[in-house]
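Undergrad: Take a look at model28.cif, mmCIF, C-alpha atoms:
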```
data_input
loop_
_atom_site.label_atom_id
_atom_site.label_comp_id
_atom_site.auth_asym_id
_atom_site.auth_seq_id
_atom_site.Cartn_x
_atom_site.Cartn_y
_atom_site.Cartn_z
CA GLY A 84 -29.84 111.53 -9.11
CA PRO A 85 -29.36 107.86 -10.10
CA VAL A 86 -32.22 107.89 -12.59
CA GLY A 87 -30.82 110.92 -14.36
CA LEU A 88 -27.34 109.38 -14.44
CA LEU A 89 -28.75 106.17 -15.89
CA ALA A 90 -30.60 108.14 -18.57
CA ILE A 91 -27.40 109.98 -19.55
CA VAL A 92 -25.40 106.73 -19.79
CA ALA A 93 -28.16 105.07 -21.85
CA ALA A 94 -28.30 108.06 -24.22
CA ALA A 95 -24.52 107.96 -24.62
CA LEU A 96 -24.57 104.23 -25.46
CA VAL A 97 -27.35 104.69 -28.02
CA TYR A 98 -25.48 107.61 -29.59
CA TRP A 99 -22.26 105.58 -29.81
CA LEU A 100 -24.03 102.56 -31.34
CA VAL A 101 -25.84 104.60 -34.00
CA ASN A 102 -22.77 106.64 -34.89
CA TYR A 103 -20.49 103.58 -35.05
CA SER A 104 -22.98 101.67 -37.20
CA LEU A 105 -23.25 104.57 -39.64
CA VAL A 106 -19.46 104.90 -40.00
CA VAL A 107 -18.90 101.16 -40.47
CA GLY A 108 -21.83 100.98 -42.87
CA ALA A 109 -20.46 103.87 -44.94
CA ILE A 110 -17.08 102.14 -45.23
CA LEU A 111 -18.58 98.79 -46.24
CA LEU A 112 -20.83 100.45 -48.83
CA SER A 113 -18.05 102.57 -50.34
CA VAL A 114 -15.41 99.82 -50.26
CA PRO A 115 -17.30 96.49 -50.34
CA ASP A 116 -14.11 94.41 -50.48
CA ALA A 117 -12.52 96.16 -47.51
CA PRO A 118 -11.48 93.78 -44.71
CA ALA A 119 -13.80 93.84 -41.70
CA ARG A 120 -10.88 94.90 -39.54
CA ALA A 121 -10.39 98.05 -41.61
CA ALA A 122 -14.08 98.91 -41.37
CA LEU A 123 -14.26 98.40 -37.61
CA GLY A 124 -11.34 100.74 -37.04
CA ASP A 125 -8.77 100.91 -34.28
CA PRO A 126 -9.82 100.27 -30.65
CA GLY A 127 -8.10 103.53 -29.75
CA ASP A 128 -10.70 105.36 -31.84
CA GLN A 129 -13.42 104.13 -29.53
CA LEU A 130 -11.56 105.61 -26.57
CA ILE A 131 -11.58 108.98 -28.34
CA MET A 132 -15.30 108.55 -29.04
CA ALA A 133 -15.92 107.81 -25.34
CA ALA A 134 -14.03 110.98 -24.40
CA THR A 135 -16.08 112.96 -26.91
CA ILE A 136 -19.35 111.63 -25.48
CA GLU A 137 -18.24 112.40 -21.93
CA LEU A 138 -17.38 115.92 -23.02
CA GLY A 139 -20.85 116.19 -24.53
CA GLN A 140 -22.36 115.10 -21.22
CA THR A 141 -20.34 117.79 -19.46
CA MET A 142 -21.68 120.37 -21.91
CA ALA A 143 -25.22 119.23 -21.17
CA ALA A 144 -24.62 119.74 -17.45
CA LEU A 145 -23.08 123.16 -18.04
CA LEU A 146 -26.22 124.30 -19.87
CA GLY A 147 -27.94 124.46 -16.51
CA PHE A 148 -25.17 126.38 -14.75
CA LEU A 149 -22.86 128.24 -17.17
CA PRO A 150 -24.54 128.33 -20.61
CA ALA A 151 -21.97 130.77 -22.03
CA LEU A 152 -19.19 128.22 -21.52
CA VAL A 153 -20.96 125.78 -23.84
CA ILE A 154 -20.11 128.04 -26.79
CA VAL A 155 -16.41 127.64 -26.04
CA LEU A 156 -16.62 123.85 -25.74
CA THR A 157 -18.72 123.36 -28.87
CA ALA A 158 -15.76 123.88 -31.20
CA THR A 159 -13.75 121.32 -29.22
CA VAL A 160 -16.49 118.70 -29.42
CA LEU A 161 -17.06 119.25 -33.15
CA ALA A 162 -13.32 119.03 -33.89
CA LEU A 163 -12.96 115.78 -31.94
CA HIS A 164 -16.05 114.28 -33.53
CA ARG A 165 -15.01 115.20 -37.07
CA GLY A 166 -11.50 113.83 -36.52
CA LEU A 167 -12.90 110.53 -35.30
CA LEU A 168 -15.43 110.19 -38.11
CA ILE A 169 -12.96 110.72 -40.94
CA HIS A 170 -10.17 108.60 -39.45
CA GLN A 171 -11.76 105.25 -40.31
CA LEU A 172 -12.81 106.48 -43.76
CA GLN A 173 -9.25 107.68 -44.41
CA ALA A 174 -7.83 104.35 -43.31
CA ALA A 175 -10.16 102.53 -45.67
CA ALA A 176 -9.30 104.89 -48.53
CA ARG A 177 -5.57 104.33 -48.02
CA SER A 178 -5.80 100.62 -48.69
CA ASP A 179 -6.18 98.63 -51.86
CA PRO A 180 -9.13 96.40 -50.91
CA LYS A 181 -7.79 93.36 -52.78
CA PRO A 182 -5.36 92.90 -51.10
CA ALA A 183 -5.35 95.36 -48.17
CA LEU A 184 -2.08 97.06 -49.10
CA ALA A 185 -1.35 100.75 -49.39
CA ASN A 186 -2.69 102.15 -52.64
CA SER A 187 -0.50 104.24 -54.93
CA VAL A 188 -1.79 107.61 -53.66
CA TYR A 189 -1.07 106.84 -50.01
CA TRP A 190 2.21 105.09 -50.87
CA PHE A 191 3.51 108.13 -52.76
CA ASP A 192 2.41 110.44 -49.95
CA ILE A 193 4.43 108.47 -47.40
CA ALA A 194 7.33 108.12 -49.83
CA HIS A 195 7.61 111.91 -50.24
CA LYS A 196 7.65 112.35 -46.46
CA GLU A 197 10.24 109.61 -45.95
CA LEU A 198 12.40 111.04 -48.74
CA ALA A 199 12.36 114.47 -47.11
CA ARG A 200 13.18 112.86 -43.76
CA ALA A 201 16.07 110.88 -45.27
CA ARG A 202 17.52 114.04 -46.82
CA ARG A 203 17.20 115.90 -43.54
CA LEU A 204 18.86 113.15 -41.52
CA GLY A 205 21.33 112.06 -44.19
CA SER A 206 20.05 108.48 -44.04
CA ALA A 207 19.40 105.98 -46.82
CA LEU A 208 15.98 105.20 -48.26
CA GLY A 209 15.34 102.06 -50.26
CA VAL A 210 12.64 101.35 -52.83
CA LEU A 211 11.81 97.99 -54.39
CA ILE A 212 9.67 97.82 -57.53
CA LEU A 213 8.26 94.33 -58.08
CA ASP A 214 6.50 92.87 -61.10
CA LEU A 215 5.20 89.29 -61.20
CA ASP A 216 6.47 87.37 -64.21
CA HIS A 217 3.88 85.60 -66.37
CA PHE A 218 0.93 86.78 -64.30
CA LYS A 219 -1.16 87.26 -67.45
CA ARG A 220 -0.67 83.57 -68.15
CA VAL A 221 -2.17 82.74 -64.75
CA ASN A 222 -5.28 84.82 -65.49
CA ASP A 223 -5.62 83.43 -69.03
CA MET A 224 -5.21 79.78 -68.03
CA HIS A 225 -6.94 79.72 -64.64
CA GLY A 226 -9.18 82.80 -64.52
CA HIS A 227 -9.15 86.06 -62.59
CA LEU A 228 -10.39 84.50 -59.35
CA VAL A 229 -7.26 82.37 -59.20
CA GLY A 230 -5.27 85.44 -60.19
CA ASP A 231 -6.71 87.22 -57.16
CA LEU A 232 -5.60 84.32 -54.94
CA VAL A 233 -2.07 84.67 -56.31
CA ILE A 234 -2.04 88.44 -55.73
CA ASN A 235 -3.27 87.99 -52.16
CA ALA A 236 -0.71 85.28 -51.45
CA VAL A 237 2.15 87.39 -52.82
CA SER A 238 0.92 90.40 -50.84
CA ARG A 239 0.95 88.46 -47.58
CA LEU A 240 4.40 87.14 -48.42
CA LEU A 241 5.76 90.63 -49.07
CA GLU A 242 4.45 91.88 -45.74
CA ARG A 243 6.09 88.94 -43.95
CA GLU A 244 9.44 89.40 -45.68
CA VAL A 245 9.93 93.11 -44.88
CA ARG A 246 10.19 94.97 -41.60
CA SER A 247 7.11 96.09 -39.72
CA TYR A 248 7.76 99.76 -40.53
CA ASP A 249 8.37 99.20 -44.25
CA LEU A 250 5.45 100.10 -46.51
CA VAL A 251 4.17 97.65 -49.12
CA GLY A 252 1.94 99.11 -51.82
CA ARG A 253 0.13 97.77 -54.85
CA PHE A 254 0.30 99.76 -58.06
CA GLY A 255 -2.38 97.79 -59.87
CA GLY A 256 -2.30 94.50 -61.76
CA ASP A 257 0.79 92.54 -60.79
CA GLU A 258 2.98 95.47 -59.74
CA PHE A 259 4.06 96.20 -56.18
CA ALA A 260 6.36 98.71 -54.50
CA VAL A 261 8.08 98.50 -51.13
CA LEU A 262 9.41 101.52 -49.27
CA LEU A 263 12.29 100.71 -46.91
CA PRO A 264 13.33 103.63 -44.67
CA ALA A 265 16.82 103.62 -43.14
CA VAL A 266 17.99 100.64 -45.16
CA ASP A 267 21.65 99.79 -44.63
CA GLY A 268 22.96 100.67 -48.09
CA GLN A 269 22.56 99.21 -51.56
CA ARG A 270 24.02 95.82 -50.65
CA GLU A 271 21.39 95.32 -47.96
CA LEU A 272 18.65 96.42 -50.37
CA LEU A 273 19.80 93.92 -53.00
CA ARG A 274 19.91 91.18 -50.37
CA ILE A 275 16.31 91.90 -49.40
CA ALA A 276 15.24 92.00 -53.06
CA GLU A 277 16.88 88.65 -53.78
CA ARG A 278 15.31 87.06 -50.70
CA VAL A 279 11.87 88.30 -51.77
CA ARG A 280 12.43 87.06 -55.31
CA GLN A 281 13.39 83.62 -54.05
CA ARG A 282 10.42 83.40 -51.69
CA VAL A 283 8.01 84.34 -54.49
CA ALA A 284 9.59 81.74 -56.77
CA GLU A 285 9.03 79.08 -54.10
CA LEU A 286 5.47 80.18 -53.31
CA GLU A 287 2.67 77.67 -53.77
CA VAL A 288 -0.89 78.99 -53.84
CA PRO A 289 -3.65 76.54 -52.84
CA VAL A 290 -6.70 76.75 -55.11
CA PRO A 291 -10.13 75.74 -53.76
CA PRO A 292 -12.03 72.98 -55.61
CA GLY A 293 -13.96 74.39 -58.53
CA LEU A 294 -11.42 77.10 -59.33
CA ASP A 295 -8.61 74.82 -60.48
#
```
Using the file provided, produce a representation of the structure as structure tokens.
TA:
Amino acid sequence: GPVGLLAIVAAALVYWLVNYSLVVGAILLSVPDAPARAALGDPGDQLIMAATIELGQTMAALLGFLPALVIVLTATVLALHRGLLIHQLQAAARSDPKPALANSVYWFDIAHKELARARRLGSALGVLILDLDHFKRVNDMHGHLVGDLVINAVSRLLEREVRSYDLVGRFGGDEFAVLLPAVDGQRELLRIAERVRQRVAELEVPVPPGLD
């Protein structure tokens, strides 16, 4: 009846809230500098969670009518739940928290896949390796907090200057790498590299009072 339906919906909401809080909390504790957006996850994940909860409600109803069928559905529910739980943690682990670029492990993983794809399709694959000149001087003269501002500013610039499906990664310190699938030959790659170099040379990084 209505009371039972209300109880089921309330239980589902409480379950979702507790589960979501635990996942977000685990991400923030393991990667304190992770952006809030990375911790909260993709909205599509919540749709999967809703489907999982609804499936759980169906299992609860089946317990009163066809208990044997619950055994079959249990594996499905556990698989969906596990996949949802680890997705946000994987996304957080794939990013360098300062800035939120692909880390070297994830970058190399995608690079291997794109290289195999390029060989299979006979297409070109471009790679840019970038190193900031005189970055040590910035840290020595202005401190590491200002150095972090510079790294973040350059990271945002790199993401703006490449295509949405290119992959920008940070290799630590002042080194970056950009993976460019299906680039239109070496001339196009050099044109992109020169444009990025020029944009970085023109970049001005505002420094808050007290850090300058």
Undergrad: Which of these residues is nearest to Val221 of chain A, using all atoms listed in the file: A:Val283, A:Ala95, A:Ile234, A:Leu184?
TA: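 Checking each of A:Val283, A:Ala95, A:Ile234, A:Leu184 against Val221 of chain A, counting all atoms listed in the file, the winner is A:Ile234.
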Undergrad: Find, counting all atoms listed in the file, the residue in A:Ala265, A:Leu241, A:Ala276, A:Leu198 that gets nearest to Leu211 of chain A.
TA: A:Ala276
Undergrad: Between atom CA of Glu197 of chain A and atom CA of Tyr248 of chain A, what distance in Å does the model show, to one decimal?
TA: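 Distance reported for this atom pair: 11.5 Å.
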Undergrad: Would you kindly translate the PyMOL selection byres ((chain A and resi 213) around 9) into the concrete residues it picks from this file, as a VMD selection string?
TA: chain A and resid 211 to 212 214 to 215 257 to 261 276 280
Undergrad: Taking the file as shown, find all residues satisfying the PyMOL selection byres ((chain A and resi 133) around 12) and write them as a list of chain:residue names.
TA: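 What the PyMOL selection byres ((chain A and resi 133) around 12) grabs from the file is A:Val92, A:Ala95, A:Leu96, A:Tyr98, A:Trp99, A:Leu100, A:Asn102, A:Tyr103, A:Pro126, A:Gly127, A:Asp128, A:Gln129, A:Leu130, A:Ile131, A:Met132, A:Ala134, A:Thr135, A:Ile136, A:Glu137, A:Leu138, A:Gly139, A:Gln140, A:Val160, A:Leu163, A:His164, A:Leu167.
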Undergrad: Just give me the gap between atom CA of Val229 of chain A and atom CA of Val290 of chain A in Å, one decimal is fine.
TA: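 Atom-to-atom, atom CA of Val229 of chain A and atom CA of Val290 of chain A are spaced 7.0 Å apart.
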Undergrad: Identify which of the residues A:Leu89, A:Asp231, A:Glu287, A:Gly209 lies closest to Gly256 of chain A, counting all atoms listed in the file when measuring atom-to-atom distances.
TA: A:Asp231
Undergrad: So what do you get for atom CA of Pro264 of chain A versus atom CA of Ser187 of chain A, distance-wise?
TA: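 These two atoms are separated by 17.2 Å.
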Undergrad: What are the centre and the three edge lengths of an axis-aligned box that wraps all atoms of segment 201-211 of chain A in the file, given that 5 Å is added to every side, written as AutoDock Vina command-line options and rounded to one decimal in Å?
TA:
```
--center_x 16.6 --center_y 106.9 --center_z -48.0 --size_x 19.5 --size_y 27.9 --size_z 22.9
```
Undergrad: Just checking: using all atoms listed in the file, which residue out of A:Val266, A:Val153, A:Ile110, A:Val97 ends up closest to Gly205 of chain A?
TA: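 Ranking A:Val266, A:Val153, A:Ile110, A:Val97 by distance to Gly205 of chain A, first place goes to A:Val266.
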Undergrad: Closest to His195 of chain A among A:Ala162, A:Pro292, A:Asp223, A:Leu262, using all atoms listed in the file?
TA: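 That would be A:Leu262, the residue with the smallest distance to His195 of chain A.
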Undergrad: Under the PyMOL selection byres ((chain A and resi 232) around 12), which residues of this model are included? Write them out as a PyMOL selection string.
TA: chain A and resi 181-182+218+221-222+225-231+233-239+257+286-291+294-295
